[in-house]
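Below is final18.pdb, holding PDB, C-alpha atoms.
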ATOM      1  CA  MET H  19    -108.693  12.180 -46.467
ATOM      2  CA  THR H  20    -112.337  12.957 -45.691
ATOM      3  CA  ARG H  21    -114.136   9.810 -44.536
ATOM      4  CA  PHE H  22    -117.653  10.603 -45.796
ATOM      5  CA  LEU H  23    -118.284  12.099 -49.227
ATOM      6  CA  TYR H  24    -121.460  12.522 -51.255
ATOM      7  CA  LYS H  25    -122.595  11.999 -54.824
ATOM      8  CA  TYR H  26    -125.498  13.991 -56.295
ATOM      9  CA  MET H  27    -127.107  12.199 -59.227
ATOM     10  CA  LYS H  28    -130.284  11.412 -61.093
ATOM     11  CA  LEU H  29    -132.361   8.725 -59.464
ATOM     12  CA  ARG H  30    -131.720   5.355 -61.122
ATOM     13  CA  SER H  31    -133.595   2.807 -59.058
ATOM     14  CA  ASP H  32    -131.355   0.065 -60.477
ATOM     15  CA  PHE H  33    -128.400   1.710 -58.705
ATOM     16  CA  PHE H  34    -129.577  -0.051 -55.556
ATOM     17  CA  SER H  35    -129.819  -3.402 -57.339
ATOM     18  CA  ASN H  36    -126.386  -3.183 -58.914
ATOM     19  CA  PRO H  37    -124.422  -0.234 -57.444
ATOM     20  CA  MET H  38    -122.378   1.438 -60.148
ATOM     21  CA  ILE H  39    -121.057   4.974 -60.504
ATOM     22  CA  ARG H  40    -120.413   6.876 -63.690
ATOM     23  CA  ALA H  41    -117.037   8.370 -64.537
ATOM     24  CA  THR H  42    -117.366  11.313 -66.924
ATOM     25  CA  PRO H  43    -114.597  11.806 -69.504
ATOM     26  CA  ALA H  44    -112.444  14.682 -68.269
ATOM     27  CA  LYS H  45    -112.928  16.563 -71.533
ATOM     28  CA  HIS H  46    -116.740  16.263 -71.391
ATOM     29  CA  LEU H  47    -117.385  17.791 -67.982
ATOM     30  CA  ASN H  48    -119.568  20.889 -67.779
ATOM     31  CA  ASP H  49    -116.601  23.208 -67.172
ATOM     32  CA  PRO H  50    -114.839  23.983 -70.500
ATOM     33  CA  PHE H  51    -111.586  24.527 -68.574
ATOM     34  CA  GLU H  52    -111.480  20.924 -67.273
ATOM     35  CA  GLY H  53    -108.218  19.368 -68.343
ATOM     36  CA  TYR H  54    -107.172  22.652 -69.951
ATOM     37  CA  PHE H  55    -103.515  23.646 -70.206
ATOM     38  CA  ASN H  56    -101.567  25.932 -72.509
ATOM     39  CA  GLN H  57     -98.188  26.082 -74.203
ATOM     40  CA  GLU H  58     -96.695  28.482 -71.680
ATOM     41  CA  GLN H  59     -97.453  26.115 -68.807
ATOM     42  CA  VAL H  60     -95.949  23.158 -70.642
ATOM     43  CA  ARG H  61     -92.866  25.161 -71.675
ATOM     44  CA  ASP H  62     -92.204  26.311 -68.111
ATOM     45  CA  ALA H  63     -92.569  22.787 -66.733
ATOM     46  CA  TYR H  64     -90.449  21.311 -69.539
ATOM     47  CA  LEU H  65     -87.582  23.756 -68.982
ATOM     48  CA  ASN H  66     -87.676  23.118 -65.242
ATOM     49  CA  HIS H  67     -87.474  19.379 -65.903
ATOM     50  CA  GLN H  68     -84.543  19.838 -68.227
ATOM     51  CA  ASP H  69     -82.722  21.915 -65.650
ATOM     52  CA  TYR H  70     -83.578  19.456 -62.851
ATOM     53  CA  PHE H  71     -82.021  16.537 -64.718
ATOM     54  CA  GLY H  72     -79.004  18.590 -65.808
ATOM     55  CA  LEU H  73     -79.993  18.539 -69.479
ATOM     56  CA  LEU H  74     -80.337  22.292 -69.952
ATOM     57  CA  CYS H  75     -77.441  24.721 -70.057
ATOM     58  CA  LYS H  76     -78.243  27.988 -68.374
ATOM     59  CA  ASN H  77     -80.021  30.450 -70.672
ATOM     60  CA  SER H  78     -79.938  27.985 -73.570
ATOM     61  CA  TYR H  79     -82.943  27.223 -75.744
ATOM     62  CA  ASP H  80     -83.171  25.940 -79.315
ATOM     63  CA  ASP H  81     -85.586  24.567 -81.913
ATOM     64  CA  SER H  82     -85.351  21.063 -80.506
ATOM     65  CA  ASP H  83     -86.968  22.345 -77.316
ATOM     66  CA  ASP H  84     -89.933  23.694 -79.311
ATOM     67  CA  TYR H  85     -90.332  20.290 -80.929
ATOM     68  CA  ALA H  86     -90.175  18.527 -77.540
ATOM     69  CA  ILE H  87     -92.730  20.933 -76.051
ATOM     70  CA  GLU H  88     -95.158  20.287 -78.918
ATOM     71  CA  ASN H  89     -94.700  16.545 -78.419
ATOM     72  CA  SER H  90     -95.297  16.929 -74.691
ATOM     73  CA  MET H  91     -98.505  18.861 -75.299
ATOM     74  CA  GLY H  92     -99.783  16.135 -77.604
ATOM     75  CA  GLN H  93     -98.944  13.408 -75.102
ATOM     76  CA  ILE H  94    -100.579  15.251 -72.199
ATOM     77  CA  GLU H  95    -103.713  15.830 -74.278
ATOM     78  CA  SER H  96    -103.832  12.148 -75.225
ATOM     79  CA  ASP H  97    -103.388  11.032 -71.614
ATOM     80  CA  ILE H  98    -106.142  13.333 -70.304
ATOM     81  CA  ASN H  99    -108.529  12.105 -73.007
ATOM     82  CA  GLU H 100    -108.260   8.611 -71.497
ATOM     83  CA  LEU H 101    -109.291   9.748 -68.012
ATOM     84  CA  GLY H 102    -112.650   9.851 -66.296
ATOM     85  CA  VAL H 103    -113.675  11.934 -63.293
ATOM     86  CA  ILE H 104    -115.950  10.795 -60.464
ATOM     87  CA  SER H 105    -117.056  14.003 -58.776
ATOM     88  CA  LEU H 106    -117.993  13.910 -55.106
ATOM     89  CA  THR H 107    -118.695  16.634 -52.586
ATOM     90  CA  GLU H 108    -118.438  17.321 -48.866
ATOM     91  CA  SER H 109    -122.121  18.112 -48.226
ATOM     92  CA  TYR H 110    -125.439  16.407 -48.945
ATOM     93  CA  ASN H 111    -127.407  19.559 -48.208
ATOM     94  CA  ASN H 112    -126.415  22.197 -50.764
ATOM     95  CA  THR H 113    -129.473  23.693 -52.448
ATOM     96  CA  LEU H 114    -127.557  24.701 -55.579
ATOM     97  CA  MET H 115    -126.093  21.213 -55.896
ATOM     98  CA  TRP H 116    -129.538  19.683 -55.547
ATOM     99  CA  ALA H 117    -130.801  21.904 -58.347
ATOM    100  CA  HIS H 118    -127.804  21.456 -60.669
ATOM    101  CA  TYR H 119    -126.790  17.824 -60.106
ATOM    102  CA  GLY H 120    -129.694  16.264 -58.183
ATOM    103  CA  ASP H 121    -132.088  16.419 -61.153
ATOM    104  CA  GLU H 122    -133.825  19.521 -59.779
ATOM    105  CA  HIS H 123    -134.571  17.743 -56.484
ATOM    106  CA  LYS H 124    -135.978  14.640 -58.229
ATOM    107  CA  GLY H 125    -132.649  12.851 -57.789
ATOM    108  CA  VAL H 126    -130.674  11.385 -54.923
ATOM    109  CA  VAL H 127    -127.514  11.929 -52.898
ATOM    110  CA  VAL H 128    -125.563   8.840 -51.874
ATOM    111  CA  GLU H 129    -123.118   9.028 -48.971
ATOM    112  CA  PHE H 130    -119.956   6.935 -49.326
ATOM    113  CA  ASP H 131    -117.783   5.793 -46.446
ATOM    114  CA  PHE H 132    -114.141   5.817 -47.553
ATOM    115  CA  SER H 133    -112.944   3.911 -44.502
ATOM    116  CA  VAL H 134    -113.862   0.823 -46.547
ATOM    117  CA  PRO H 135    -112.925   0.099 -50.182
ATOM    118  CA  PHE H 136    -114.856   2.298 -52.609
ATOM    119  CA  PHE H 137    -114.759   0.066 -55.682
ATOM    120  CA  SER H 138    -115.740  -3.574 -55.815
ATOM    121  CA  SER H 139    -112.901  -5.971 -56.666
ATOM    122  CA  SER H 140    -110.549  -4.007 -54.413
ATOM    123  CA  ILE H 141    -108.172  -6.918 -53.924
ATOM    124  CA  ARG H 142    -104.816  -5.137 -54.030
ATOM    125  CA  ASP H 143    -103.021  -4.194 -50.827
ATOM    126  CA  ILE H 144    -101.605  -0.706 -51.334
ATOM    127  CA  ASP H 145     -99.890   0.660 -48.231
ATOM    128  CA  GLY H 146    -102.167  -1.381 -45.981
ATOM    129  CA  ARG H 147    -105.399  -0.387 -47.720
ATOM    130  CA  SER H 148    -107.534  -2.503 -50.053
ATOM    131  CA  MET H 149    -107.558  -0.852 -53.463
ATOM    132  CA  ARG H 150    -108.707  -1.801 -56.925
ATOM    133  CA  PHE H 151    -106.005  -0.120 -58.993
ATOM    134  CA  LYS H 152    -102.281  -0.474 -58.590
ATOM    135  CA  LYS H 153     -99.981   2.463 -57.893
ATOM    136  CA  ASP H 154     -99.808   4.768 -60.885
ATOM    137  CA  PHE H 155     -96.288   5.753 -61.883
ATOM    138  CA  MET H 156     -97.560   8.449 -64.251
ATOM    139  CA  ALA H 157     -99.923   9.961 -61.644
ATOM    140  CA  THR H 158    -102.943  10.108 -63.919
ATOM    141  CA  CYS H 159    -105.086   7.793 -61.790
ATOM    142  CA  PHE H 160    -106.235   8.834 -58.311
ATOM    143  CA  GLU H 161    -108.439   6.122 -56.838
ATOM    144  CA  MET H 162    -108.938   7.879 -53.520
ATOM    145  CA  PRO H 163    -110.657  11.274 -53.851
ATOM    146  CA  GLU H 164    -108.582  14.403 -53.485
ATOM    147  CA  LYS H 165    -109.718  17.979 -52.949
ATOM    148  CA  VAL H 166    -110.097  20.331 -55.867
ATOM    149  CA  ASP H 167    -108.149  23.585 -55.586
ATOM    150  CA  TYR H 168    -110.197  26.650 -56.571
ATOM    151  CA  ARG H 169    -108.504  29.768 -57.920
ATOM    152  CA  ARG H 170    -108.996  32.686 -60.300
ATOM    153  CA  VAL H 171    -105.800  32.408 -62.355
ATOM    154  CA  LEU H 172    -104.459  29.382 -64.198
ATOM    155  CA  PRO H 173    -101.734  27.361 -62.416
ATOM    156  CA  ASP H 174     -98.224  28.746 -62.830
ATOM    157  CA  PHE H 175     -95.326  26.342 -63.406
ATOM    158  CA  LYS H 176     -92.501  28.887 -63.608
ATOM    159  CA  ARG H 177     -91.225  28.012 -60.148
ATOM    160  CA  PRO H 178     -89.367  24.669 -60.165
ATOM    161  CA  GLU H 179     -91.022  23.391 -56.985
ATOM    162  CA  PHE H 180     -94.398  23.513 -58.741
ATOM    163  CA  SER H 181     -93.357  21.183 -61.535
ATOM    164  CA  ASN H 182     -90.211  19.237 -60.657
ATOM    165  CA  PRO H 183     -90.359  15.778 -59.064
ATOM    166  CA  ASP H 184     -89.567  15.436 -55.381
ATOM    167  CA  LYS H 185     -87.343  12.460 -56.184
ATOM    168  CA  PRO H 186     -85.449  11.593 -59.381
ATOM    169  CA  ILE H 187     -87.252   8.232 -59.596
ATOM    170  CA  GLU H 188     -90.667   9.924 -59.907
ATOM    171  CA  PHE H 189     -92.228  10.550 -63.299
ATOM    172  CA  HIS H 190     -91.313  14.149 -64.035
ATOM    173  CA  TRP H 191     -94.811  15.204 -65.199
ATOM    174  CA  ASN H 192     -96.567  13.993 -62.019
ATOM    175  CA  LYS H 193     -97.086  17.414 -60.434
ATOM    176  CA  PHE H 194     -98.195  18.915 -63.731
ATOM    177  CA  TYR H 195    -100.879  16.261 -64.267
ATOM    178  CA  GLN H 196    -102.116  16.467 -60.696
ATOM    179  CA  THR H 197    -102.352  20.262 -60.793
ATOM    180  CA  ILE H 198    -104.247  20.295 -64.101
ATOM    181  CA  LEU H 199    -106.654  17.572 -62.959
ATOM    182  CA  PHE H 200    -107.391  19.081 -59.543
ATOM    183  CA  THR H 201    -107.615  22.827 -60.233
ATOM    184  CA  LYS H 202    -110.804  24.704 -61.168
ATOM    185  CA  SER H 203    -112.060  28.257 -61.366
ATOM    186  CA  ILE H 204    -113.097  29.765 -58.051
ATOM    187  CA  ASP H 205    -116.585  30.216 -59.549
ATOM    188  CA  TRP H 206    -117.165  26.513 -58.804
ATOM    189  CA  ILE H 207    -116.175  26.698 -55.144
ATOM    190  CA  TYR H 208    -119.765  26.137 -53.983
ATOM    191  CA  GLU H 209    -119.391  22.514 -55.168
ATOM    192  CA  GLN H 210    -116.819  21.675 -52.445
ATOM    193  CA  GLU H 211    -115.597  18.989 -54.823
ATOM    194  CA  GLN H 212    -113.348  16.062 -54.128
ATOM    195  CA  ARG H 213    -112.736  13.816 -57.099
ATOM    196  CA  SER H 214    -111.500  10.417 -58.024
ATOM    197  CA  VAL H 215    -109.743  10.138 -61.390
ATOM    198  CA  VAL H 216    -109.790   6.795 -63.181
ATOM    199  CA  ARG H 217    -108.871   5.393 -66.577
ATOM    200  CA  LEU H 218    -111.930   5.061 -68.752
ATOM    201  CA  HIS H 219    -110.746   1.815 -70.301
ATOM    202  CA  ASP H 220    -110.938   0.189 -66.836
ATOM    203  CA  ALA H 221    -114.737   0.676 -66.737
ATOM    204  CA  ASP H 222    -116.857  -2.363 -65.808
ATOM    205  CA  VAL H 223    -119.738  -1.325 -68.069
ATOM    206  CA  ILE H 224    -119.643   0.838 -71.189
ATOM    207  CA  ILE H 225    -122.680   2.134 -73.077
ATOM    208  CA  CYS H 226    -121.824   3.518 -76.496
ATOM    209  CA  LYS H 227    -122.939   3.732 -80.100
ATOM    210  CA  ASP H 228    -123.047   0.379 -81.837
ATOM    211  CA  ASN H 229    -120.420  -0.380 -84.467
ATOM    212  CA  GLN H 230    -118.949  -3.514 -85.997
ATOM    213  CA  PHE H 231    -115.403  -2.760 -84.851
ATOM    214  CA  ILE H 232    -116.393  -2.715 -81.170
ATOM    215  CA  ARG H 233    -118.465  -5.869 -81.640
ATOM    216  CA  SER H 234    -115.544  -7.701 -83.222
ATOM    217  CA  ALA H 235    -113.241  -6.724 -80.328
ATOM    218  CA  CYS H 236    -115.802  -7.974 -77.783
ATOM    219  CA  LEU H 237    -115.983 -11.332 -79.548
ATOM    220  CA  ASP H 238    -112.328 -11.937 -78.670
ATOM    221  CA  ASP H 239    -113.423 -12.976 -75.172
ATOM    222  CA  ALA H 240    -116.573 -14.980 -74.470
ATOM    223  CA  GLU H 241    -116.707 -13.616 -70.881
ATOM    224  CA  ILE H 242    -117.561 -10.137 -72.180
ATOM    225  CA  ILE H 243    -121.340  -9.639 -72.336
ATOM    226  CA  LEU H 244    -122.552  -7.605 -75.305
ATOM    227  CA  GLU H 245    -126.193  -6.454 -75.307
ATOM    228  CA  LYS H 246    -128.391  -4.146 -77.334
ATOM    229  CA  TYR H 247    -129.139  -1.145 -75.123
ATOM    230  CA  ASP H 248    -131.485   0.887 -77.320
ATOM    231  CA  ASN H 249    -131.907   1.736 -80.997
ATOM    232  CA  GLU H 250    -128.396   3.183 -81.328
ATOM    233  CA  ASN H 251    -126.362   1.940 -78.393
ATOM    234  CA  ILE H 252    -124.849  -1.252 -77.077
ATOM    235  CA  LYS H 253    -123.953  -2.190 -73.514
ATOM    236  CA  ILE H 254    -120.617  -3.891 -72.837
ATOM    237  CA  THR H 255    -120.239  -5.633 -69.466
ATOM    238  CA  PHE H 256    -116.925  -7.023 -68.237
ATOM    239  CA  PRO H 257    -116.619  -9.679 -65.500
ATOM    240  CA  ASP H 258    -115.422  -8.685 -62.037
ATOM    241  CA  GLU H 259    -111.674  -8.103 -61.743
ATOM    242  CA  TYR H 260    -111.324  -8.362 -65.521
ATOM    243  CA  GLU H 261    -108.457  -5.920 -66.034
ATOM    244  CA  MET H 262    -106.555  -7.557 -63.182
ATOM    245  CA  HIS H 263    -106.310 -10.876 -65.012
ATOM    246  CA  GLU H 264    -106.263 -10.122 -68.723
ATOM    247  CA  GLU H 265    -103.082  -9.410 -70.623
ATOM    248  CA  MET H 266    -102.150  -5.756 -70.412
ATOM    249  CA  GLY H 267    -100.399  -3.312 -72.719
ATOM    250  CA  ASP H 268    -101.060  -3.689 -76.420
ATOM    251  CA  GLN H 269    -102.827  -7.024 -75.787
ATOM    252  CA  SER H 270    -105.490  -5.534 -73.489
ATOM    253  CA  ILE H 271    -108.974  -6.188 -74.885
ATOM    254  CA  LYS H 272    -110.373  -3.451 -72.651
ATOM    255  CA  MET H 273    -107.967  -0.939 -74.157
ATOM    256  CA  GLU H 274    -108.727  -2.150 -77.677
ATOM    257  CA  ILE H 275    -112.476  -1.713 -77.139
ATOM    258  CA  PHE H 276    -111.909   1.740 -75.654
ATOM    259  CA  ARG H 277    -109.838   2.837 -78.654
ATOM    260  CA  ARG H 278    -112.619   1.774 -81.015
ATOM    261  CA  ILE H 279    -115.217   3.972 -79.312
ATOM    262  CA  ASN H 280    -115.803   7.099 -81.362
ATOM    263  CA  ASP H 281    -118.682   8.521 -79.385
ATOM    264  CA  ALA H 282    -118.677  11.710 -77.309
ATOM    265  CA  ASP H 283    -121.806  10.486 -75.487
ATOM    266  CA  ALA H 284    -120.351   7.146 -74.395
ATOM    267  CA  MET H 285    -120.945   6.328 -70.725
ATOM    268  CA  PHE H 286    -118.476   4.536 -68.434
ATOM    269  CA  PHE H 287    -119.556   2.856 -65.190
ATOM    270  CA  PHE H 288    -117.553   1.331 -62.317
ATOM    271  CA  ARG H 289    -118.883  -1.184 -59.786
ATOM    272  CA  ILE H 290    -119.158   0.168 -56.260
ATOM    273  CA  ASN H 291    -118.524  -1.827 -53.101
ATOM    274  CA  PRO H 292    -122.025  -1.960 -51.525
ATOM    275  CA  LEU H 293    -120.523  -1.679 -48.026
ATOM    276  CA  ALA H 294    -119.214   1.778 -48.972
ATOM    277  CA  ILE H 295    -122.805   3.059 -49.237
ATOM    278  CA  ALA H 296    -123.468   4.588 -45.824
ATOM    279  CA  SER H 297    -126.572   6.759 -46.279
ATOM    280  CA  VAL H 298    -129.082   7.820 -48.907
ATOM    281  CA  TYR H 299    -130.883  11.163 -49.281
ATOM    282  CA  PHE H 300    -133.747  11.361 -51.768
ATOM    283  CA  GLY H 301    -134.657  14.762 -53.180
ATOM    284  CA  CYS H 302    -137.879  16.401 -52.034
ATOM    285  CA  LYS H 303    -139.471  15.667 -55.459
ATOM    286  CA  ALA H 304    -138.058  12.152 -55.862
ATOM    287  CA  ASN H 305    -140.241   9.144 -56.654
ATOM    288  CA  PHE H 306    -138.303   6.703 -54.491
ATOM    289  CA  LYS H 307    -140.615   3.729 -53.837
ATOM    290  CA  GLN H 308    -138.921   1.419 -56.334
ATOM    291  CA  SER H 309    -135.518   2.395 -54.959
ATOM    292  CA  ILE H 310    -136.596   1.447 -51.426
ATOM    293  CA  SER H 311    -137.865  -1.885 -52.711
ATOM    294  CA  ASN H 312    -134.545  -2.529 -54.448
ATOM    295  CA  ILE H 313    -132.629  -1.692 -51.265
ATOM    296  CA  LEU H 314    -134.727  -4.186 -49.305
ATOM    297  CA  ASN H 315    -134.262  -6.880 -51.945
ATOM    298  CA  ASN H 316    -130.481  -6.446 -52.201
ATOM    299  CA  THR H 317    -128.818  -8.556 -49.513
ATOM    300  CA  SER H 318    -125.531  -6.690 -50.029
ATOM    301  CA  LEU H 319    -127.309  -3.569 -48.708
ATOM    302  CA  LYS H 320    -128.787  -5.156 -45.592
ATOM    303  CA  HIS H 321    -126.633  -2.786 -43.521
ATOM    304  CA  LEU H 322    -128.270   0.259 -45.120
ATOM    305  CA  ASP H 323    -131.053   1.722 -42.999
ATOM    306  CA  ASN H 324    -129.898   5.338 -42.897
ATOM    307  CA  VAL H 325    -132.243   6.524 -45.669
ATOM    308  CA  HIS H 326    -133.904   9.935 -45.838
ATOM    309  CA  ILE H 327    -136.172  12.221 -47.826
ATOM    310  CA  MET H 328    -135.196  15.892 -47.978
ATOM    311  CA  ALA H 329    -137.912  18.305 -46.853
ATOM    312  CA  PRO H 330    -138.050  22.125 -46.783
ATOM    313  CA  GLY H 331    -137.222  23.638 -43.410
ATOM    314  CA  GLU H 332    -139.940  25.678 -41.713
ATOM    315  CA  ASN H 333    -137.832  28.730 -40.886
ATOM    316  CA  LEU H 334    -134.803  28.379 -43.200
ATOM    317  CA  TYR H 335    -134.076  28.394 -46.906
ATOM    318  CA  GLN H 336    -132.676  24.930 -46.414
ATOM    319  CA  PHE H 337    -133.731  21.319 -46.835
ATOM    320  CA  LEU H 338    -133.619  18.982 -43.859
ATOM    321  CA  PRO H 339    -133.392  15.165 -43.903
ATOM    322  CA  ARG H 340    -136.315  13.135 -42.598
ATOM    323  CA  ARG H 341    -135.652   9.485 -41.971
ATOM    324  CA  ILE H 342    -137.704   7.012 -43.997
ATOM    325  CA  VAL H 343    -139.239   4.010 -42.272
ATOM    326  CA  PHE H 344    -139.002   1.308 -44.923
ATOM    327  CA  ARG H 345    -142.198  -0.592 -44.137
ATOM    328  CA  GLU H 346    -144.269   2.552 -44.467
ATOM    329  CA  ALA H 347    -142.463   3.695 -47.611
ATOM    330  CA  VAL H 348    -143.342   0.582 -49.645
ATOM    331  CA  LYS H 349    -147.052   0.394 -48.674
TER
END

Render the structure in this file as structure tokens.
Amino acid sequence: MTRFLYKYMKLRSDFFSNPMIRATPAKHLNDPFEGYFNQEQVRDAYLNHQDYFGLLCKNSYDDSDDYAIENSMGQIESDINELGVISLTESYNNTLMWAHYGDEHKGVVVEFDFSVPFFSSSIRDIDGRSMRFKKDFMATCFEMPEKVDYRRVLPDFKRPEFSNPDKPIEFHWNKFYQTILFTKSIDWIYEQEQRSVVRLHDADVIICKDNQFIRSACLDDAEIILEKYDNENIKITFPDEYEMHEEMGDQSIKMEIFRRINDADAMFFFRINPLAIASVYFGCKANFKQSISNILNNTSLKHLDNVHIMAPGENLYQFLPRRIVFREAVK
């Protein structure tokens, strides 16, 4: 795994007061092919699974298989709709990325150090590493970023090794989910993306359209903070480690609130471990004074002094980082 990864984003000065990162619903990313799969892919994977578990006679196929494939497609679609993507990249100095995702150079790039826990409330010990989320049997949650595979053609699941589990105890759709979630068109290769995939209902803060059904679900727990965000939206804030201690399954309040959100523009935020923030790069057009002030006033960021402003190079079509001296920046 790459130790240092970068996030291009619009400049929210409050990020440095309360570090949070947005997970975008997989189906609402800017690539229409995100989370896309077709019937042929599902059929090939399904038949391989049947053969792997000894449930398919050679060259046999009947109407019940069609029904099972349709059911599988519906389940996969439903699962993907519950996922959010946190997109990171391997470089802080990509001019196209600055233009497309760095708010046309008015934004910021934050460097994260993945040798320490990425999310706050990472209290679980998973294979000797502090993690927030437990191991995912269904392989739809990938807390640690993984590289995106870029290609021209859609993934092919005809060959058994591309879809069958490595061990009988594994969930048989694991490879299918992982391939769909981590494959993009080669046209996006300039992004050098690595991504973390999380469940949206685990978000620490949700901003969505106000409705009485969501409000009533929030009232089931006095620890949930419900605020008016603007004329149309409300902001729902959960306490630290909330999903680790509440009842899960059908009794999960977080899941119930998520299911009541009927809003394509809803935003889902996850708390970041401040110690994971290693460096900051402000765009060449960024108004960063308030952000510097917030860094200085946040004791959890007292380690952070590797802060830069990007400036055009003299002899290259490239931006170069210039270190900011805090005391001068806030004058």

message = Taking 6 positions as the minimum chain separation for residues in the same chain, which residues sit within 9 Å of Phe51 of chain H when counting only C-alpha atoms? Answer as a PyMOL selection string.
response = chain H and resi 45+202-203

request  = Have a look at H:Tyr208, H:Met115, H:Gln59, H:Ile224 and name the one nearest to Leu172 of chain H; count only C-alpha atoms.
outcome  =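 For Leu172 of chain H, the nearest of the given residues is H:Gln59.
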
ask   = In Å, how far is it from atom CA of Asp131 of chain H to atom CA of Phe22 of chain H?
value =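 These two atoms are separated by 4.9 Å.
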
Selection result for the PyMOL selection byres ((chain H and resi 312-325) around 7) on this file, as a ChimeraX atom specification = /H:34-35,292,296-299,308-311,326,341-342

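For the structure shown here, the set of residues caught by the PyMOL selection byres ((chain H and resi 118) around 12) is Tyr26, Met27, Lys28, Asn48, Asn112, Thr113, Leu114, Met115, Trp116, Ala117, Tyr119, Gly120, Asp121, Glu122, His123, Lys124, Gly125, Val126, Trp206, Tyr208 and Glu209 of chain H.
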
List as a PDB file with C-alpha atoms, keeping the file's coordinate frame the residues having at least one atom at most 8 Å from position (-119.0, -0.3, -60.7) as given in the file, counting only C-alpha atoms.
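Result file part00.pdb:
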ATOM      1  CA  PRO H  37    -124.422  -0.234 -57.444  1.00  0.00           C
ATOM      2  CA  MET H  38    -122.378   1.438 -60.148  1.00  0.00           C
ATOM      3  CA  ILE H  39    -121.057   4.974 -60.504  1.00  0.00           C
ATOM      4  CA  ARG H  40    -120.413   6.876 -63.690  1.00  0.00           C
ATOM      5  CA  PHE H 137    -114.759   0.066 -55.682  1.00  0.00           C
ATOM      6  CA  SER H 138    -115.740  -3.574 -55.815  1.00  0.00           C
ATOM      7  CA  ALA H 221    -114.737   0.676 -66.737  1.00  0.00           C
ATOM      8  CA  ASP H 222    -116.857  -2.363 -65.808  1.00  0.00           C
ATOM      9  CA  VAL H 223    -119.738  -1.325 -68.069  1.00  0.00           C
ATOM     10  CA  PHE H 287    -119.556   2.856 -65.190  1.00  0.00           C
ATOM     11  CA  PHE H 288    -117.553   1.331 -62.317  1.00  0.00           C
ATOM     12  CA  ARG H 289    -118.883  -1.184 -59.786  1.00  0.00           C
ATOM     13  CA  ILE H 290    -119.158   0.168 -56.260  1.00  0.00           C
ATOM     14  CA  ASN H 291    -118.524  -1.827 -53.101  1.00  0.00           C
TER      15      ASN H 291
END

query = Just how far from atom CA of Gln212 of chain H is atom CA of Leu106 of chain H, in Å to one decimal?
reply =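 Computing the Euclidean distance for atom CA of Leu106 of chain H and atom CA of Gln212 of chain H yields 5.2 Å.
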
request  = Could you tell me which of H:Asp62, H:Leu218, H:Ile94, H:Val128 comes closest to Asn111 of chain H if we count only C-alpha atoms?
outcome  =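 Of the candidates, the smallest distance to Asn111 of chain H is held by H:Val128.
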
request  = Output the residue selection produced by the PyMOL selection byres ((chain H and resi 171) around 10) on the file above, formatted as a PyMOL selection string.
outcome  = chain H and resi 168-170+172-174+201-204

query = In Å, with one decimal, what is the gap from atom CA of Phe189 of chain H to atom CA of Gln68 of chain H?
reply = 13.0 Å

key: Contacts of segment 157-161 of chain H within 9 Å, all atoms listed in the file, excl. fewer than 3 positions in-chain, as number ranges by chain   = H: 97-98, 101, 136-137, 149-151, 153-154, 164, 189, 191-193, 195-196, 199, 213-217

task = Using all atoms listed in the file, find the one residue out of H:Asn333, H:Ile252, H:Val166, H:Tyr64 that sits nearest to Ile207 of chain H.
result =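 Ranked by minimum distance to Ile207 of chain H, first place goes to H:Val166.
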
inquiry  = Please determine, counting all atoms listed in the file, which residue among H:Ala282, H:Met162, H:Ile275, H:Ala63 has the shortest atom-to-atom distance to Ala86 of chain H.
reply    = H:Ala63

message = At a cut-off of 10 Å, using all atoms listed in the file, what residues contact Asn249 of chain H? Leave out same-chain residues fewer than 2 positions from it and give the result as a PyMOL selection string.
response = chain H and resi 227-228+246-247+251-252

task = Considering all atoms listed in the file, state which residue in the set H:Asp32, H:Asp69, H:Glu332, H:Asp258 is at the smallest distance from Ile243 of chain H.
result = H:Asp258

request  = Mind listing whatever residues come within 6 Å of the point (-120.0, 2.3, -74.8)? Use all atoms listed in the file, file coordinates, and give them as a PyMOL selection string.
outcome  = chain H and resi 224-226+284-285
